[in-house]
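Visitor: First the structure, which I've put down as structure tokens, then a few questions once you've had a look.
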Amino acid sequence: MARTFFEKIWDDHVVADLGDGAFLIHIDRHFLHEVSGAVSLKEIDSRQRTVRNPELTFGTVDHVLETVPGRGMTTRMPGGNDFLREFTERIGPHGIRFFGLDDPRQGIVHVIAPELGAILPGMTFICGDSHTCTVGAVGAFAWGVGSSDSEHALATQTAILTKPKTLRVNFTGKLAPGVHAKDMILALIAKYTANGGTGYAIEFAGEAVRSLPMDGRLTLCNMAVEFGGRTGTVAPDEITFAYLKDREFSPKGDDWDIAVAYWRTLASDPDAVYDMEYELDCSTLEPQVTWGTSPEHSIAIGSVMPDPQDAAEAVARHSRQRAADYAEIAPGDAVKGLPISGAFIGSCTNSRIDDLRAAAAILKGRKVADGVTAICVPGSTATKLQAEAEGLDLIFRQAGFEWREAGCSLCMSGATGGESFPRDARVIASTNRNFEDRQGPHVRSHLASPVTVAASAIAGRIADARDLAPTEGN
Ligand SMILES: CC(C)[C@H](C(=O)O)[C@@H](O)C(=O)O
Ligand code: SF4
């Protein structure tokens with residue numbers, strides 16, 4: 001029978017059918033970070049269990065770790081030191097590979113896993129983190145789990161799961177210059193709502209996806225969870241293979257050839273049937289920006305906030321009104337032009353080398369507006385070193401951006417009292433969540449691509465990078 005790409009991976013990993021729709025699935029790779037990882041390791045230790053396959057398990061520190069230059073193993077998050085201490089003390093004795101503070105392989109889990117070739121096509125991959133779906137971009141089944149599932153996987157190298165339905169999203173047409181993967185996923189979520197992908201293993205397909213480099217594919221899959229999806233994936237192709245070749249944990253020599261031959265068999269059979277199909281035309285897609293408190297509150301940058309009363313469902317009408325009140329924006333207001341006091345380029349959505357290159361191309365020869373705190377936090381130490389080797393850090397610094405060490409940083413810590421923007425700030429961010437208080441108390445976060453964030457930092461207000469006059473060298 002014809003099978004989809006997802007069904008092929010699924011079939012290859014079922015250990016047992018447990019009945020009532022539940023399956024026992026083998027886990028090929030398991031990543032831990034200091035927040036959820038500390039909890040699952042503590043559980044394992046308190047029950048005196050051993051880790052079944054430490055060689056398939058990896059750990060790093062990213063969430064609460066300070067990102068200012070010259071940091072030590074410190075955090076601003078109240079109680080964060082407990083996570084750092086518990087995690088770093090407990091991980092070593094289990095023989096799990098750990099990329100700590102001074103390891104060039106340290107960084108946000110979802111950024112380092114593909115960079116290291118620790119996630120490969122056809123694999124199953126979990127982490128106690130909702131954005132684990134990011135790494136499905138290399139052609140894997142990757143999903144976020146709770147700390148008890150992570151504990152279960154540490155002890156058994158398996159997870160219990162119901163089989164998700166399959167959804168193919170066809171991004172048709174070609175992207176116009178200045179329009180990026182972030183715009184694709186924001187527009188998709190706005191079109192089909194933040195629950196549009198609920199219950200599905202999502203495969204992103206179509207011409208616009210095929211021509212995206214790996215960093216853009218990772219951005220797409222990162223926000224599959226903001227779409228409600230169990231996972232986001234892109235079937236592997238030549239771009240995937242070229243990206244993975246010679247990475248630290250990628251197969252080498254003959255093993256590489258054998259692996260690629262297998263990976264080529266993974267794409268969906270031509271007559272495979274998906275449970276659902278969605279479509280988004282990329283040829284007319286504009287850069288996106290959010291106005292409210294959900295990624296679903298996304299609009300083309302030149303358009304105005306829609307009337308909450310136009311939403312079909314009462315729940316959506318209510319949540320849009322609440323979001324409008326929180327964001328202090330009214331129906332008919334333009335988002336472009338709203339003054340900002342903060343700009344953040346970072347997070348597992350958009351902190352990879354392509355993101356930093358694209359933002360630097362906008363920042364080169366320009367200055368961040370007075371009154372704007374602009375911060376760039378590369379997603380991994382390796383990305384930071386690569387950017388520095390290319391001189392991108394200088395461009396960021398000369399423009400007036402802070403250039404930080406790798407980690408999650410201002411992406412979420414506002415909600416937990418860690419690194420955050422000041423109360424009431426309006427900021428633009430390359431992150432994935434614009435929830436209330438996410439980046440600080442009553443901070444209003446507008447989500448956009450790194451180029452839109454860079455252009456806005458320069459303008460001091462939400463701006464369209466395509467409107468910038470050329471500068472010398474640009
Ligand atoms: C702390 C962690 C468990 C959390 C998540 O699961 O997503 C974080 O990464 C986030 O983005 O809010
Ligand atoms: S960068 Fe943000 S969204 Fe990504 S894992 Fe870290 S806190 Fe979560």
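In the structure tokens, chains take the letters A, B, ... in the order shown, each chain's residues start at 1, and ligands count up from 1 in the order shown.
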Let me see if you get this right: every residue at most 8 Å from ligand 1, counting only C-alpha atoms and all ligand atoms, written as a PyMOL selection string.
Guide: chain A and resi 35-36+63+128-131+144+408+411-412+433
Visitor: Which residues, written as a PyMOL selection string, have at least one atom at most 7 Å from range 152-158 of chain A, with only C-alpha atoms counted and residues fewer than 6 positions away on the same chain left out?
Guide: chain A and resi 24-27+49-53
Visitor: Ranking A:Thr88, A:Thr290, A:Asn432, A:Ser420 by minimum distance to ligand 2 and counting only C-alpha atoms and all ligand atoms, which one comes first?
Guide: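 Closest residue, counting only C-alpha atoms and all ligand atoms: A:Asn432.
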Visitor: Let me make sure I understand: among A:Ala38, A:Lys252, A:Ile112, A:Gly346, which one has the smallest atom-to-atom distance to Gly80 in chain A if we use only C-alpha atoms?
Guide: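 The answer is A:Ala38, which sits nearest to Gly80 in chain A.
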Visitor: From the list A:Asp237, A:Gly19, A:Met184, A:Leu468, which residue is nearest Thr162 in chain A when using only C-alpha atoms?
Guide: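 Of all the options, A:Gly19 lies closest to Thr162 in chain A.
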